[in-house]
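*Asks:* Can you read through this structure? Questions will come right after.
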Amino acid sequence: MDVLSIVGLFLALIAILLGAVLKGAGLHALVSAAAFMIVVVGTIAAICVQTPMGVMRRAMSMFPWVIRPPNHEPRKLIKKLIDWSYIARRQGLLGLEDMIQFEPDPFLRKGLQLVVDGSEPDTIRSTLEFDLLAREAADTRAAKVFEGMGVYSPTLGIIGAVLGLMAVMQNLDDPSKLGHGIAAAFTATVYGIGMANLFFLPVANKLKVAVQARTHLDEMQLEGLIGIAQGENPRIIEGKLLGFLH
Amino acid sequence: MDVLSIVGLFLALIAILLGAVLKGAGLHALVSAAAFMIVVVGTIAAICVQTPMGVMRRAMSMFPWVIRPPNHEPRKLIKKLIDWSYIARRQGLLGLEDMIQFEPDPFLRKGLQLVVDGSEPDTIRSTLEFDLLAREAADTRAAKVFEGMGVYSPTLGIIGAVLGLMAVMQNLDDPSKLGHGIAAAFTATVYGIGMANLFFLPVANKLKVAVQARTHLDEMQLEGLIGIAQGENPRIIEGKLLGFLH
Amino acid sequence: MDVLSIVGLFLALIAILLGAVLKGAGLHALVSAAAFMIVVVGTIAAICVQTPMGVMRRAMSMFPWVIRPPNHEPRKLIKKLIDWSYIARRQGLLGLEDMIQFEPDPFLRKGLQLVVDGSEPDTIRSTLEFDLLAREAADTRAAKVFEGMGVYSPTLGIIGAVLGLMAVMQNLDDPSKLGHGIAAAFTATVYGIGMANLFFLPVANKLKVAVQARTHLDEMQLEGLIGIAQGENPRIIEGKLLGFLH
Amino acid sequence: MDVLSIVGLFLALIAILLGAVLKGAGLHALVSAAAFMIVVVGTIAAICVQTPMGVMRRAMSMFPWVIRPPNHEPRKLIKKLIDWSYIARRQGLLGLEDMIQFEPDPFLRKGLQLVVDGSEPDTIRSTLEFDLLAREAADTRAAKVFEGMGVYSPTLGIIGAVLGLMAVMQNLDDPSKLGHGIAAAFTATVYGIGMANLFFLPVANKLKVAVQARTHLDEMQLEGLIGIAQGENPRIIEGKLLGFLH
Amino acid sequence: MDVLSIVGLFLALIAILLGAVLKGAGLHALVSAAAFMIVVVGTIAAICVQTPMGVMRRAMSMFPWVIRPPNHEPRKLIKKLIDWSYIARRQGLLGLEDMIQFEPDPFLRKGLQLVVDGSEPDTIRSTLEFDLLAREAADTRAAKVFEGMGVYSPTLGIIGAVLGLMAVMQNLDDPSKLGHGIAAAFTATVYGIGMANLFFLPVANKLKVAVQARTHLDEMQLEGLIGIAQGENPRIIEGKLLGFLH
């Protein structure tokens, strides 16, 4: 569980709420149905037009990664691959056959099957690379859903502010309402910029880092499997794989 | 049919219209011939200067993809390619000759013809890749027409607002008109930012994703055809092609 | 001749002029020597500092492409290349020698000379690719002159507006001039944003597309010449070259 | 120690403080708990949401590089590698075995071990490249923590200003407070833009240059080790390595 | 000497000064110690934090290229390389030995030495490419110093304007000073945007083009040297090298 992100979301809330109080605007100034309608509904509208259903579902299922990123333990993985390479050296590639059914990760299972089948290293590499690149592209596309929301929400905040100022200007003859009207107009700006910079964009960036980390790990496993299939010295394989850790 | 995009376009309309009412600006504030002339006509002008006729036509013909994206069923495609690979294994590549005339997709038909002609895998790959890359480049160029409109319309909205403010300022001596004048000046901003962020940019992004999805599928078919031409084991081919699904 | 771009430039003029009238600012508000001095002269100044003389000349000579893009007929080109490949098959590569002097395009003439000289396909490819890439880089650099003007003119428009506002503020005690002063200050903004978004940026983008189209065509010719030099089957060559059309 | 960066940070402080005094705003105008809460706490919040714990730690440990960049002496390194190549020529690769334990840099030690083990040049290259690329990616990710803070802080400055203006507008009936309220509202903008442009972004850019410099040096060492493993002429190796110095 | 850039810098000065007079702000409005302190000193501060000493020195020494770009005559260079290739054909590679000491350009001298030493074409290519890429990277990094100043100066201009407005707002009760105060506040904006768009950014872009031109030329020389080392026909070499001229 990633404490930093929870602390961050909590701090973000405090920064805005306490900031509004300290600035003297008050918390009530942040409540506005009109701003909600324009910024929140508008952002959802824009992202729905933009995103195919499948990508939207994937984005939703990836969201919990912000708090609980996929738990990878690269050192355990390297140990497993080195163990396999010793087995392959002693008992031949067929000695790995029993491992396939116990391997939970589908990527590694697919790769191990290819190794046990005695596929050419080039075939293993190209087959697993299609897999890896297709998954990375799909995950990145999903992470970009949050990025898109972070791009649309500030501009919708500007629309909200402009519509609010237009309302104020039409009643310029009643100066007593002027100040409150202008204040209310700006609420949409706070919604739009705040949501984008304290939620959508940081979330999108965190998900992108998680996607890259997973790709990096898959590349490490791919190199390990190729090394096993080529019958490379386990020590050489270990040296290569340790290079992935930084 | 992609329900999400229709819902999105509908929500976008509601967000702006209901938002305008809730903010107190009213719907009538959104009607302006001058704003239409500057933002809508101006955006069309800019994109016409920028776009060659052929690209413009392609963009128009791609627009319906937003609601009804090209219907691809990758699993059916994989099944077809695997069936072909079994036929090729049993009857030789010439056994696929009868399939060519029944294949509706021109890309796949061209590739199958090359396979049946006994072309070298390298020739098949380079020939189909020229095809694939040229189509992707042309489609992307067409999708960028909408992106261009999304870039020009907000800046034209600013021109509209500035021209409106200039008109107001010339009549500063009549304060009763001041408020309405400023309100009217902002209408162009709402048009420009709204059209860009609730229509043009989401549409452009959706089309780009569709173009990428088609390229991804074409790459999968290319790999399948190469596998058949090389007489690879159908199981290996299937493993590769399934890697494209994510 | 590209009607779309002429229509676009015409529409752009209408959008601004009619828009200014409809907004109530009037056409006279768009005439300002100060705005011209700051925005137009300033943009020219910035681009002159930035651009070497040779690139500037090339940019000027490319400008007419906006209205009259270089006229390429890819299908005629493919036909010519296929004809050559049949001649080469029947009479040998030397049979193409007479074609060289009648070929108007220098790129194709250079390539044909290499083919007739019996150069290795790799030599032909690398020689023509240097040519193609150097031309593309030089053309792109020239197209970016207009992009640069589109980047500088809006910021100079802001300088103009700020200078205008500074003039107004110094005479704040005479409110009768206030409005007209502010209106005049904004003229520079309209100049800057208008020129950038209705002229410079669309022109730059159109030229870039034309440069890419020419590169794409040169790549097609390069593949055709390589195919001829390798004595490939004319049908295969045709299949490859047709893939470039989309 | 990099004097330039210390001078820069000192000048930045002077520019803002002396500038505030010269402009007539005074130093006290720069002190605001509300602005601190929104901009500083908000920026920290956003970056915490975005950054996994490991990356955050790495970023903190890289920060001192701004003042005291990692001290590399490329000419000494080249000399060492050339000495090794002479030893390898005279005594064979095993003659380098004693050097391994005295080599402090883990990258060079790992590479030297591979050379002494008699690994294939391709194995040495791929093993060290995994190492180099993984380290560069991790370092760049850490440097981007500061870039992220430089992106978030100005937008949070805008939120602070808007909240301040909202507070002012609610008390529009008390004009005596109006001016001070607006002035206080802008403090957040100064915080946000100032921190981004005088601290976060320059720091991020400096760290990125340091990361590239280290990668460049690692690439030089990699080439040197490959040259030794291939038994290349020390003079040729020296010529190659000197090419890295510019 | 590049007349265009001198004319450009001269026009830039006229555009701002004459523009200020025509707008009615007057030249005296452009003189401000506070704006100078914030924008000029602040920009220098930011770039000093960001830039290592070595890169800063290189940037300063590259600055005169704006007026007097490094004088390359590609046609003379091609002639020299072709002459060398004829000598190499007639007298063997050793016939070029006497040329080395008279060659002023270090890149060409290093390459010629490699050719005369009878190095493999691959060794020549990789050795010279390290050289070329390292020089290009260092030059580009130096050119980016000016780009960085062009990015920081407008944002510091905004800080200056905000500090100025804060000063004005604190004295809102004295309306006679209001106008002049606001006008003075904007001076920093003119400084920031003007310096960036009329000096720093155009200079940075000009230097980048010069760096690319030099790299392009070095690549041409590299191809020529490789051709000589491979004993290629001088006519073929000339055809290749002429392709670099566009």
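Residues are referred to by chain and number: the chain letter is A, B, ... according to the order shown in the structure tokens, the number counts from 1 in that chain, and ligands are numbered separately from 1 in the order shown.
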Distance table requested - chain B against chain A, cut-off 8 Å, only C-alpha atoms: one row per qualifying residue with the closest atom pair and its distance in Å to one decimal, ordered by chain and rising residue number, as a Markdown table.
*Replies:*
| residue | atom | partner | partner_atom | distance |
| --- | --- | --- | --- | --- |
| B:Asp2 | CA | A:Pro52 | CA | 7.1 |
| B:Leu4 | CA | A:Cys48 | CA | 5.5 |
| B:Ser5 | CA | A:Val49 | CA | 4.0 |
| B:Ile6 | CA | A:Val49 | CA | 7.0 |
| B:Val7 | CA | A:Cys48 | CA | 7.2 |
| B:Gly8 | CA | A:Ala45 | CA | 4.2 |
| B:Leu9 | CA | A:Val49 | CA | 6.1 |
| B:Phe10 | CA | A:Ala45 | CA | 7.6 |
| B:Leu11 | CA | A:Ala45 | CA | 5.1 |
| B:Ala12 | CA | A:Ala45 | CA | 5.0 |
| B:Ala15 | CA | A:Ile38 | CA | 4.9 |
| B:Ile16 | CA | A:Ile38 | CA | 6.1 |
| B:Leu18 | CA | A:Met37 | CA | 7.3 |
| B:Gly19 | CA | A:Ala34 | CA | 5.2 |
| B:Ala20 | CA | A:Leu163 | CA | 6.0 |
| B:Leu22 | CA | A:Ala34 | CA | 5.0 |
| B:Lys23 | CA | A:Gly164 | CA | 5.3 |
| B:Gly24 | CA | A:Ala167 | CA | 5.1 |
| B:Ala25 | CA | A:Ala167 | CA | 3.9 |
| B:Gly26 | CA | A:Ala167 | CA | 7.5 |
| B:Ala29 | CA | A:Met166 | CA | 7.8 |
| B:Val66 | CA | A:Val49 | CA | 7.7 |
| B:Ser176 | CA | A:Asp173 | CA | 7.5 |
| B:Leu178 | CA | A:Met169 | CA | 7.9 |
| B:Gly179 | CA | A:Met169 | CA | 4.2 |
| B:His180 | CA | A:Gln170 | CA | 5.1 |
| B:Ile182 | CA | A:Met169 | CA | 6.6 |
| B:Ala183 | CA | A:Met166 | CA | 4.2 |
| B:Ala184 | CA | A:Met166 | CA | 7.5 |
| B:Phe186 | CA | A:Val162 | CA | 6.6 |
| B:Thr189 | CA | A:Ile159 | CA | 7.7 |
| B:Val190 | CA | A:Ile159 | CA | 5.7 |
| B:Ile193 | CA | A:Thr155 | CA | 6.9 |
| B:Gly194 | CA | A:Ile159 | CA | 7.1 |
| B:Asn197 | CA | A:Tyr152 | CA | 6.2 |
| B:Leu198 | CA | A:Ala46 | CA | 5.0 |
| B:Phe199 | CA | A:Ala46 | CA | 7.3 |
| B:Leu201 | CA | A:Gln50 | CA | 8.0 |
| B:Pro202 | CA | A:Gln50 | CA | 4.3 |
| B:Val203 | CA | A:Gln50 | CA | 5.8 |
| B:Ala204 | CA | A:Gln50 | CA | 7.8 |
| B:Asn205 | CA | A:Gln50 | CA | 5.8 |
| B:Lys206 | CA | A:Gln50 | CA | 4.6 |
| B:Gly239 | CA | A:Thr127 | CA | 7.1 |
| B:Lys240 | CA | A:Thr127 | CA | 4.8 |
| B:Leu242 | CA | A:Asp131 | CA | 7.8 |
| B:Gly243 | CA | A:Asp131 | CA | 4.0 |
| B:Phe244 | CA | A:Ala134 | CA | 5.5 |
| B:Leu245 | CA | A:Ala134 | CA | 7.0 |
| B:His246 | CA | A:Arg135 | CA | 5.5 |
*Asks:* Considering only C-alpha atoms, can you say which of A:Pro70, A:Gly118, A:Gly111, A:Gly92 comes closest to Ala210 (chain A)?
*Replies:* A:Pro70
*Asks:* Could you check how far CA of Lys80 (chain D) sits from CA of Asp105 (chain D), in Å to one decimal?
*Replies:*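 Straight-line distance from CA of Lys80 (chain D) to CA of Asp105 (chain D) works out to 12.5 Å.
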*Asks:* What does the structure give for the distance between CA of Leu217 (chain B) and CA of His72 (chain B), in Å to one decimal?
*Replies:* 8.4 Å
